[in-house]
$ cat protein22.cif   # mmCIF, C-alpha atoms
data_model
#
loop_
_atom_site.group_PDB
_atom_site.id
_atom_site.type_symbol
_atom_site.label_atom_id
_atom_site.label_comp_id
_atom_site.auth_asym_id
_atom_site.auth_seq_id
_atom_site.Cartn_x
_atom_site.Cartn_y
_atom_site.Cartn_z
ATOM 1 C CA MET A 21 101.221 78.571 83.953
ATOM 2 C CA PRO A 22 100.829 76.156 81.015
ATOM 3 C CA ASN A 23 101.163 77.094 77.357
ATOM 4 C CA LEU A 24 97.697 76.771 75.855
ATOM 5 C CA LEU A 25 96.141 76.716 72.408
ATOM 6 C CA LEU A 26 92.422 77.491 72.110
ATOM 7 C CA ILE A 27 90.410 76.184 69.143
ATOM 8 C CA SER A 28 86.760 76.786 68.321
ATOM 9 C CA HIS A 29 84.209 76.969 65.542
ATOM 10 C CA GLY A 30 84.398 80.556 64.306
ATOM 11 C CA SER A 31 85.923 83.365 66.348
ATOM 12 C CA TYR A 32 84.753 82.149 69.771
ATOM 13 C CA ALA A 33 88.240 81.094 70.927
ATOM 14 C CA LYS A 34 89.812 84.401 69.924
ATOM 15 C CA ALA A 35 86.978 86.381 71.512
ATOM 16 C CA THR A 36 87.261 84.361 74.726
ATOM 17 C CA LEU A 37 90.989 85.046 74.916
ATOM 18 C CA SER A 38 90.423 88.744 74.230
ATOM 19 C CA SER A 39 87.812 88.972 76.988
ATOM 20 C CA CYS A 40 90.108 87.189 79.426
ATOM 21 C CA GLU A 41 92.922 89.619 78.643
ATOM 22 C CA MET A 42 90.623 92.516 79.604
ATOM 23 C CA ILE A 43 90.891 91.213 83.170
ATOM 24 C CA LEU A 44 94.335 89.598 83.311
ATOM 25 C CA GLY A 45 96.290 91.671 80.831
ATOM 26 C CA GLN A 46 98.216 90.215 77.874
ATOM 27 C CA LEU A 47 98.561 86.423 78.052
ATOM 28 C CA LYS A 48 101.619 85.589 75.973
ATOM 29 C CA ASN A 49 101.413 81.892 76.836
ATOM 30 C CA ILE A 50 97.936 81.476 75.295
ATOM 31 C CA LYS A 51 97.044 81.593 71.591
ATOM 32 C CA ALA A 52 93.767 81.034 69.755
ATOM 33 C CA ILE A 53 92.844 79.847 66.275
ATOM 34 C CA GLU A 54 89.480 79.524 64.579
ATOM 35 C CA PHE A 55 87.943 76.819 62.435
ATOM 36 C CA LYS A 56 86.275 78.596 59.514
ATOM 37 C CA GLN A 57 83.534 77.298 57.221
ATOM 38 C CA THR A 58 85.946 77.403 54.299
ATOM 39 C CA MET A 59 88.404 75.066 56.078
ATOM 40 C CA ASN A 60 88.535 71.275 56.170
ATOM 41 C CA GLN A 61 90.133 69.147 58.867
ATOM 42 C CA ASP A 62 93.502 69.078 57.085
ATOM 43 C CA ASP A 63 93.486 72.884 56.910
ATOM 44 C CA LEU A 64 92.824 73.109 60.635
ATOM 45 C CA LEU A 65 95.501 70.541 61.446
ATOM 46 C CA LYS A 66 98.029 72.628 59.540
ATOM 47 C CA ALA A 67 96.937 75.734 61.470
ATOM 48 C CA ILE A 68 97.385 73.845 64.755
ATOM 49 C CA GLU A 69 100.862 72.694 63.734
ATOM 50 C CA ILE A 70 101.894 76.234 62.810
ATOM 51 C CA ALA A 71 100.534 77.651 66.093
ATOM 52 C CA ALA A 72 102.215 74.892 68.124
ATOM 53 C CA GLN A 73 105.595 75.838 66.664
ATOM 54 C CA THR A 74 105.299 79.308 68.189
ATOM 55 C CA PHE A 75 105.560 77.768 71.676
ATOM 56 C CA THR A 76 108.752 76.386 73.172
ATOM 57 C CA LYS A 77 106.426 73.652 74.431
ATOM 58 C CA LEU A 78 102.665 73.287 73.948
ATOM 59 C CA ASP A 79 101.132 71.840 77.116
ATOM 60 C CA ALA A 80 97.435 71.662 76.308
ATOM 61 C CA ILE A 81 94.706 72.408 73.785
ATOM 62 C CA ILE A 82 91.247 73.565 74.847
ATOM 63 C CA VAL A 83 88.459 73.026 72.313
ATOM 64 C CA ASP A 84 84.851 74.181 72.371
ATOM 65 C CA PHE A 85 83.067 70.801 72.593
ATOM 66 C CA THR A 86 83.574 67.078 72.235
ATOM 67 C CA GLY A 87 82.933 65.589 68.794
ATOM 68 C CA GLY A 88 83.350 68.777 66.787
ATOM 69 C CA THR A 89 85.978 69.305 64.115
ATOM 70 C CA PRO A 90 88.284 71.288 66.465
ATOM 71 C CA ALA A 91 88.204 68.400 68.973
ATOM 72 C CA ASN A 92 88.632 65.694 66.326
ATOM 73 C CA THR A 93 91.493 67.553 64.661
ATOM 74 C CA ALA A 94 93.175 68.140 68.025
ATOM 75 C CA ILE A 95 93.083 64.374 68.556
ATOM 76 C CA ARG A 96 94.861 63.913 65.229
ATOM 77 C CA PHE A 97 97.514 66.391 66.359
ATOM 78 C CA GLN A 98 97.831 64.610 69.714
ATOM 79 C CA ALA A 99 98.559 61.338 67.935
ATOM 80 C CA GLN A 100 101.831 62.887 66.782
ATOM 81 C CA HIS A 101 102.369 64.815 70.009
ATOM 82 C CA PRO A 102 101.168 62.556 72.871
ATOM 83 C CA GLU A 103 102.523 64.913 75.529
ATOM 84 C CA VAL A 104 99.846 67.503 74.637
ATOM 85 C CA LYS A 105 96.636 67.188 76.639
ATOM 86 C CA ILE A 106 93.219 68.033 75.200
ATOM 87 C CA TYR A 107 90.438 69.634 77.242
ATOM 88 C CA THR A 108 86.895 70.407 76.113
ATOM 89 C CA GLY A 109 84.297 72.947 77.192
ATOM 90 C CA LEU A 110 86.142 76.155 76.387
ATOM 91 C CA SER A 111 84.501 79.038 78.235
ATOM 92 C CA PHE A 112 85.434 82.409 79.644
ATOM 93 C CA ALA A 113 85.084 81.109 83.220
ATOM 94 C CA LEU A 114 87.285 78.093 82.537
ATOM 95 C CA LEU A 115 89.977 80.100 80.773
ATOM 96 C CA LEU A 116 89.977 82.786 83.457
ATOM 97 C CA ALA A 117 90.517 80.181 86.166
ATOM 98 C CA VAL A 118 93.261 78.305 84.303
ATOM 99 C CA ALA A 119 95.042 81.499 83.228
ATOM 100 C CA SER A 120 94.999 82.605 86.872
ATOM 101 C CA GLY A 121 96.977 79.505 87.842
ATOM 102 C CA THR A 122 94.168 77.145 88.845
ATOM 103 C CA PRO A 123 94.771 73.479 87.877
ATOM 104 C CA PHE A 124 92.342 72.163 85.265
ATOM 105 C CA SER A 125 90.667 69.751 87.696
ATOM 106 C CA ASP A 126 89.902 72.570 90.133
ATOM 107 C CA ALA A 127 88.987 74.971 87.323
ATOM 108 C CA TYR A 128 86.250 72.633 86.071
ATOM 109 C CA LYS A 129 84.891 72.342 89.625
ATOM 110 C CA GLN A 130 84.804 76.148 89.924
ATOM 111 C CA VAL A 131 82.930 76.440 86.640
ATOM 112 C CA ALA A 132 80.357 73.880 87.798
ATOM 113 C CA GLN A 133 79.914 75.616 91.154
ATOM 114 C CA THR A 134 79.386 79.045 89.591
ATOM 115 C CA SER A 135 77.174 77.973 86.674
ATOM 116 C CA GLY A 136 73.397 77.949 86.797
ATOM 117 C CA LEU A 137 70.712 80.324 88.026
ATOM 118 C CA LEU A 138 72.404 83.543 89.089
ATOM 119 C CA GLY A 139 72.457 83.905 92.870
ATOM 120 C CA GLU A 140 71.303 80.336 93.524
ATOM 121 C CA LYS A 141 73.195 78.577 96.306
ATOM 122 C CA LYS A 142 73.575 74.820 95.992
ATOM 123 C CA PRO A 143 73.062 72.777 99.211
ATOM 124 C CA GLU A 144 76.688 71.690 99.385
ATOM 125 C CA GLU A 145 77.821 75.311 99.020
ATOM 126 C CA LYS A 146 75.682 76.367 101.968
ATOM 127 C CA THR A 147 77.363 73.691 104.045
ATOM 128 C CA LYS A 148 80.747 74.966 102.974
ATOM 129 C CA VAL A 149 79.911 78.503 104.053
ATOM 130 C CA SER A 150 78.648 77.354 107.430
ATOM 131 C CA THR A 151 81.985 75.689 108.216
ATOM 132 C CA ILE A 152 83.841 79.014 108.154
ATOM 133 C CA THR A 153 83.925 80.019 111.792
ATOM 134 C CA LYS A 154 85.895 82.372 113.957
ATOM 135 C CA SER A 155 89.127 81.077 115.421
ATOM 136 C CA THR A 156 90.770 82.504 118.504
ATOM 137 C CA THR A 157 94.029 80.696 117.759
ATOM 138 C CA GLN A 158 94.578 81.646 114.105
ATOM 139 C CA LYS A 159 96.089 84.987 113.221
ATOM 140 C CA THR A 160 93.793 87.642 111.748
ATOM 141 C CA ALA A 161 94.928 88.972 108.381
ATOM 142 C CA MET A 162 93.514 92.106 106.740
ATOM 143 C CA PHE A 163 94.185 93.478 103.293
ATOM 144 C CA ILE A 164 92.928 96.660 101.613
ATOM 145 C CA ARG A 165 92.175 97.297 97.950
ATOM 146 C CA ILE A 166 90.848 100.471 96.376
ATOM 147 C CA ASP A 167 88.798 99.283 93.415
ATOM 148 C CA GLU A 168 85.726 101.095 92.090
ATOM 149 C CA ARG A 169 84.400 97.844 90.649
ATOM 150 C CA LEU A 170 84.433 96.316 94.150
ATOM 151 C CA ILE A 171 83.667 92.581 93.695
ATOM 152 C CA HIS A 172 84.427 91.643 90.077
ATOM 153 C CA GLY A 173 86.431 89.093 88.115
ATOM 154 C CA GLN A 174 89.893 89.944 89.434
ATOM 155 C CA VAL A 175 88.750 90.083 93.054
ATOM 156 C CA ALA A 176 86.399 87.087 92.919
ATOM 157 C CA THR A 177 88.982 84.806 91.341
ATOM 158 C CA MET A 178 92.610 85.921 91.549
ATOM 159 C CA TRP A 179 92.747 87.968 94.755
ATOM 160 C CA THR A 180 90.393 85.677 96.662
ATOM 161 C CA ASN A 181 92.572 82.679 95.816
ATOM 162 C CA ALA A 182 95.945 84.416 96.142
ATOM 163 C CA LEU A 183 95.159 85.816 99.598
ATOM 164 C CA LYS A 184 93.173 82.734 100.707
ATOM 165 C CA LEU A 185 90.336 84.972 101.843
ATOM 166 C CA THR A 186 87.505 83.967 104.148
ATOM 167 C CA ARG A 187 85.695 87.324 104.010
ATOM 168 C CA LEU A 188 85.176 90.283 101.679
ATOM 169 C CA MET A 189 84.263 93.556 103.351
ATOM 170 C CA VAL A 190 82.783 96.345 101.220
ATOM 171 C CA ILE A 191 82.837 99.691 103.018
ATOM 172 C CA ASP A 192 80.635 102.342 101.428
ATOM 173 C CA ASP A 193 78.122 104.598 103.156
ATOM 174 C CA GLN A 194 75.906 104.828 100.071
ATOM 175 C CA ILE A 195 75.792 101.150 99.099
ATOM 176 C CA VAL A 196 74.545 100.270 102.578
ATOM 177 C CA LYS A 197 71.388 102.253 101.733
ATOM 178 C CA SER A 198 70.849 100.561 98.339
ATOM 179 C CA PRO A 199 69.124 97.136 98.366
ATOM 180 C CA ILE A 200 69.826 96.719 94.644
ATOM 181 C CA GLN A 201 73.569 97.296 94.983
ATOM 182 C CA LYS A 202 73.721 95.069 98.044
ATOM 183 C CA THR A 203 71.980 92.266 96.169
ATOM 184 C CA ALA A 204 74.419 92.618 93.264
ATOM 185 C CA LEU A 205 77.393 92.359 95.620
ATOM 186 C CA LYS A 206 75.948 89.294 97.340
ATOM 187 C CA THR A 207 75.470 87.659 93.950
ATOM 188 C CA ALA A 208 79.053 88.478 92.903
ATOM 189 C CA CYS A 209 80.598 87.208 96.129
ATOM 190 C CA PRO A 210 82.309 83.831 95.571
ATOM 191 C CA ASN A 211 80.742 80.788 97.189
ATOM 192 C CA GLY A 212 82.333 79.906 100.511
ATOM 193 C CA ILE A 213 83.359 83.513 101.220
ATOM 194 C CA HIS A 214 81.583 85.625 103.839
ATOM 195 C CA LEU A 215 80.509 89.139 102.830
ATOM 196 C CA SER A 216 80.125 92.256 104.963
ATOM 197 C CA ILE A 217 78.652 95.492 103.564
ATOM 198 C CA LEU A 218 79.204 98.277 106.072
ATOM 199 C CA THR A 219 79.426 102.005 106.617
ATOM 200 C CA ALA A 220 82.800 103.407 107.631
ATOM 201 C CA ALA A 221 81.570 103.865 111.194
ATOM 202 C CA GLY A 222 80.128 100.354 111.325
ATOM 203 C CA ALA A 223 83.302 98.800 109.942
ATOM 204 C CA ALA A 224 85.510 100.747 112.360
ATOM 205 C CA LYS A 225 83.450 99.587 115.335
ATOM 206 C CA ARG A 226 83.559 95.929 114.339
ATOM 207 C CA ILE A 227 87.261 95.937 113.465
ATOM 208 C CA LYS A 228 88.245 97.570 116.748
ATOM 209 C CA GLN A 229 86.064 95.082 118.649
ATOM 210 C CA GLY A 230 87.997 92.233 117.053
ATOM 211 C CA GLN A 231 84.943 90.683 115.418
ATOM 212 C CA TYR A 232 87.036 89.182 112.609
ATOM 213 C CA GLN A 233 89.480 87.307 114.813
ATOM 214 C CA GLY A 234 91.123 84.431 112.946
ATOM 215 C CA GLN A 235 89.724 85.449 109.551
ATOM 216 C CA THR A 236 91.456 86.622 106.380
ATOM 217 C CA VAL A 237 89.657 89.745 105.196
ATOM 218 C CA LEU A 238 89.957 91.912 102.099
ATOM 219 C CA ILE A 239 88.523 95.403 102.605
ATOM 220 C CA LEU A 240 87.196 96.907 99.373
ATOM 221 C CA VAL A 241 86.553 100.638 98.950
ATOM 222 C CA LYS A 242 85.994 102.855 95.933
ATOM 223 C CA ARG A 243 88.055 105.886 96.968
ATOM 224 C CA PRO A 244 90.755 106.748 99.526
ATOM 225 C CA ALA A 245 88.333 109.049 101.374
ATOM 226 C CA ILE A 246 86.770 105.998 103.076
ATOM 227 C CA LEU A 247 90.194 104.919 104.325
ATOM 228 C CA LYS A 248 90.817 108.400 105.691
ATOM 229 C CA GLN A 249 87.549 108.049 107.627
ATOM 230 C CA LEU A 250 88.685 104.732 109.074
ATOM 231 C CA VAL A 251 91.998 106.213 110.180
ATOM 232 C CA ASP A 252 90.205 109.134 111.817
ATOM 233 C CA LEU A 253 87.974 106.615 113.603
ATOM 234 C CA GLY A 254 91.019 104.974 115.127
ATOM 235 C CA VAL A 255 91.429 101.928 112.858
ATOM 236 C CA LYS A 256 94.988 100.719 112.311
ATOM 237 C CA LEU A 257 95.134 99.952 108.619
ATOM 238 C CA PRO A 258 97.513 97.602 106.783
ATOM 239 C CA GLU A 259 99.190 98.629 103.537
ATOM 240 C CA ILE A 260 96.898 99.823 100.751
ATOM 241 C CA ASN A 261 96.645 98.409 97.227
ATOM 242 C CA VAL A 262 95.325 100.909 94.676
ATOM 243 C CA GLY A 263 93.851 98.771 91.915
ATOM 244 C CA ASN A 264 91.250 100.696 89.936
ATOM 245 C CA MET A 265 89.922 104.263 90.013
ATOM 246 C CA SER A 266 87.996 105.331 86.941
ATOM 247 C CA THR A 267 88.408 108.552 85.010
ATOM 248 C CA LYS A 268 86.176 111.398 86.192
ATOM 249 C CA GLU A 269 85.804 115.056 85.373
ATOM 250 C CA GLY A 270 88.906 116.816 86.627
ATOM 251 C CA SER A 271 90.842 113.590 87.217
ATOM 252 C CA GLN A 272 94.340 112.830 85.956
ATOM 253 C CA GLN A 273 95.645 109.458 84.843
ATOM 254 C CA VAL A 274 98.547 108.085 86.908
ATOM 255 C CA ALA A 275 98.377 104.431 85.815
ATOM 256 C CA LYS A 276 96.510 102.445 83.166
ATOM 257 C CA SER A 277 93.627 101.749 85.540
ATOM 258 C CA VAL A 278 93.959 104.641 87.984
ATOM 259 C CA ALA A 279 92.881 108.269 87.626
ATOM 260 C CA VAL A 280 92.859 110.639 90.595
ATOM 261 C CA THR A 281 91.219 113.943 91.442
ATOM 262 C CA ASP A 282 92.732 116.690 93.597
ATOM 263 C CA SER A 283 90.615 115.425 96.482
ATOM 264 C CA ASP A 284 91.972 111.894 96.011
ATOM 265 C CA ILE A 285 95.539 113.202 96.005
ATOM 266 C CA ALA A 286 94.953 115.042 99.268
ATOM 267 C CA ASP A 287 93.542 111.865 100.839
ATOM 268 C CA PHE A 288 96.469 109.773 99.649
ATOM 269 C CA LYS A 289 98.955 112.279 101.056
ATOM 270 C CA TYR A 290 97.046 112.237 104.355
ATOM 271 C CA LEU A 291 97.311 108.439 104.490
ATOM 272 C CA GLU A 292 100.995 108.562 103.593
ATOM 273 C CA ASP A 293 101.598 111.108 106.380
ATOM 274 C CA LYS A 294 100.005 108.607 108.779
ATOM 275 C CA GLY A 295 102.763 106.167 107.881
ATOM 276 C CA LEU A 296 100.763 103.903 105.558
ATOM 277 C CA THR A 297 102.358 102.083 102.629
ATOM 278 C CA ILE A 298 100.430 102.659 99.397
ATOM 279 C CA TYR A 299 101.147 100.639 96.257
ATOM 280 C CA HIS A 300 99.601 99.894 92.862
ATOM 281 C CA GLN A 301 99.035 96.296 91.751
ATOM 282 C CA MET A 302 96.245 95.194 89.429
ATOM 283 C CA ILE A 303 96.624 91.433 89.755
ATOM 284 C CA PRO A 304 98.696 89.224 92.084
ATOM 285 C CA SER A 305 101.157 88.160 89.371
ATOM 286 C CA GLU A 306 102.176 91.750 88.635
ATOM 287 C CA ALA A 307 104.980 93.503 90.471
ATOM 288 C CA ARG A 308 104.019 96.209 92.949
ATOM 289 C CA GLU A 309 104.639 99.856 92.144
ATOM 290 C CA ASP A 310 105.046 102.568 94.768
ATOM 291 C CA PHE A 311 101.835 104.542 94.298
ATOM 292 C CA MET A 312 103.065 107.810 95.764
ATOM 293 C CA ASN A 313 106.012 107.694 93.369
ATOM 294 C CA LEU A 314 103.502 107.309 90.534
ATOM 295 C CA LEU A 315 101.817 110.507 91.687
ATOM 296 C CA LYS A 316 105.151 112.319 91.852
ATOM 297 C CA SER A 317 106.353 110.995 88.493
ATOM 298 C CA ASN A 318 103.198 112.388 86.924
ATOM 299 C CA GLU A 319 103.990 115.742 88.559
ATOM 300 C CA ILE A 320 100.682 115.923 90.389
ATOM 301 C CA GLY A 321 101.745 114.837 93.848
ATOM 302 C CA GLY A 322 102.777 118.358 94.725
ATOM 303 C CA GLN A 323 99.294 119.787 94.301
ATOM 304 C CA ASN A 324 97.201 120.551 97.392
#
$ encode --input "protein22.cif" --output "C-alpha cells"
Amino acid sequence: MPNLLLISHGSYAKATLSSCEMILGQLKNIKAIEFKQTMNQDDLLKAIEIAAQTFTKLDAIIVDFTGGTPANTAIRFQAQHPEVKIYTGLSFALLLAVASGTPFSDAYKQVAQTSGLLGEKKPEEKTKVSTITKSTTQKTAMFIRIDERLIHGQVATMWTNALKLTRLMVIDDQIVKSPIQKTALKTACPNGIHLSILTAAGAAKRIKQGQYQGQTVLILVKRPAILKQLVDLGVKLPEINVGNMSTKEGSQQVAKSVAVTDSDIADFKYLEDKGLTIYHQMIPSEAREDFMNLLKSNEIGGQN
C-alpha cells in the first residue's frame, strides 16, 4: 500500500481520512493536511515538506481538485521530488478503494462506475452482470460472514475484491418480507455481483441442490442463529467469520465490533460442537483471531 498525503481546502482531507478509518481502522501510511484561509502557497508548501519528512518515502499526493492552491502547491513540491505522483479528485470512495489496495487506475474506474443516481445501472454494467454464468467445471467456493450491517463498505469493497466474489447471499427470514430492506440491499450490492436474498429454508434448499455450482459466494447473516438453522437443515457450512455484532441489551463485548448475548453464545457453542471453525476478522488485511478463545478469554464462554 502506498504512502499517501492528502491535501484539501479546509478540513475536507482530514475528515475524509477520518471517515475512511471508521471502516478500515487506523491508516498509518496516510496523512492529511489542510489549506487554511490564513495560509499562502509558501505556507502550504512548508506544511507539505514537513509532512513528507514523516514518511520513509512519500509515494503520492491526492488533492481535492485541479487548479486549486493544494494542487498548484503540490506541483511545486513535485518539482523538487519528481518521484512523487499527484492525483486529483480526492473523495471518500477514491480513498477507500486505494487504501484497500486497489491501484489508482482501477480506483478511478470504480468511482466512476458507482457515482451517479443511486441504484441506476449503466448499460455496460448490465452487460457485465449478464456474463456471470454458472460453470460446471470451476470449483464452487462459499464463505460465511456474520455482520449485522450486511452489505456495507467493508463487504462491498474489501471482501468482495479479496475473495473475488461472484455472488452475495443475504439469509434473513425477516428481510425477505421487507420490500424496503430488499431494495436497500440491491442498491448496496456492487455492480457485477449477483445478489440472493433468501430465508434459511430457501437458502438450504438451493445450496443442497447445487444451484451455485462454479460460483464464489459470500453468505451474510446478522446472527449465528441463522447458521444454526442451516446446519439443522443439513447444510455443510465452511468456516465462519464473525465480523460485526452490535451491542444490545444484555450483550457483552468480546471484541471491538462484536457483542454477544447468552443466546448468541449458545448458538456459537452449538456450531463449534458441530466441528465448525469460527474466527474473528474485520477486514482481509487483519490477522484472524480464534473467536471461541475470545469468548473464553472474556470469561463468558462457560455460560449456558
$ closest_residue --input "protein22.cif" --among "A:Thr203, A:Val131, A:Ala67, A:Leu314" --to "Ser216 (chain A)" --atoms "only C-alpha atoms"
A:Thr203
$ resolve_selection --input "protein22.cif" --expression "the PyMOL selection byres ((chain A and resi 242-252) around 8)" --output "ChimeraX atom specification"
/A:166-170,191-192,220-221,224,240-241,253-257,265,284,287-288,290-291
$ resolve_selection --input "protein22.cif" --expression "the PyMOL selection byres ((chain A and resi 117-123) around 9)" --output "MDAnalysis selection string"
chainID A and resid 21:22 40 44 47 50 112:116 124:128 130:131 177:178 305
$ resolve_selection --input "protein22.cif" --expression "the PyMOL selection byres ((chain A and resi 98-106) around 12)" --output "PyMOL selection string"
chain A and resi 22-27+65+68-69+72-73+77-86+90-97+107-110+124
$ atom_distance --input "protein22.cif" --atom1 "CA of Ala223 (chain A)" --atom2 "CA of Ser271 (chain A)"
28.1 Å
$ atom_distance --input "protein22.cif" --atom1 "CA of His214 (chain A)" --atom2 "CA of Met189 (chain A)"
8.4 Å
$ atom_distance --input "protein22.cif" --atom1 "CA of Ser317 (chain A)" --atom2 "CA of Val280 (chain A)"
13.7 Å
$ closest_residue --input "protein22.cif" --among "A:Thr160, A:Leu205, A:Ala33, A:Pro258" --to "Gln231 (chain A)" --atoms "only C-alpha atoms"
A:Thr160
$ closest_residue --input "protein22.cif" --among "A:Asn261, A:Ile43, A:Lys66, A:Thr89" --to "His172 (chain A)" --atoms "only C-alpha atoms"
A:Ile43
$ closest_residue --input "protein22.cif" --among "A:Ile285, A:Leu215, A:Ile70, A:Val278" --to "Met302 (chain A)" --atoms "only C-alpha atoms"
A:Val278
$ axis_aligned_box --input "protein22.cif" --around "region 252-259 of chain A" --padding-each-side "6 Å" --output "JSON"
{"center_x": 93.6, "center_y": 103.4, "center_z": 109.3, "size_x": 23.2, "size_y": 23.5, "size_z": 23.6}
$ closest_residue --input "protein22.cif" --among "A:His29, A:Lys202, A:Lys159, A:Arg308" --to "Leu218 (chain A)" --atoms "all atoms listed in the file"
A:Lys202
$ closest_residue --input "protein22.cif" --among "A:Gln301, A:Asn318, A:Ser135, A:Asn181" --to "Ile213 (chain A)" --atoms "only C-alpha atoms"
A:Asn181
$ residues_around --input "protein22.cif" --residues "Leu183 (chain A)" --least-positions-apart "5" --cutoff "9 Å" --atoms "all atoms listed in the file" --output "list in words"
Phe163, Met178, Thr236, Val237, Leu238 and Pro304 of chain A
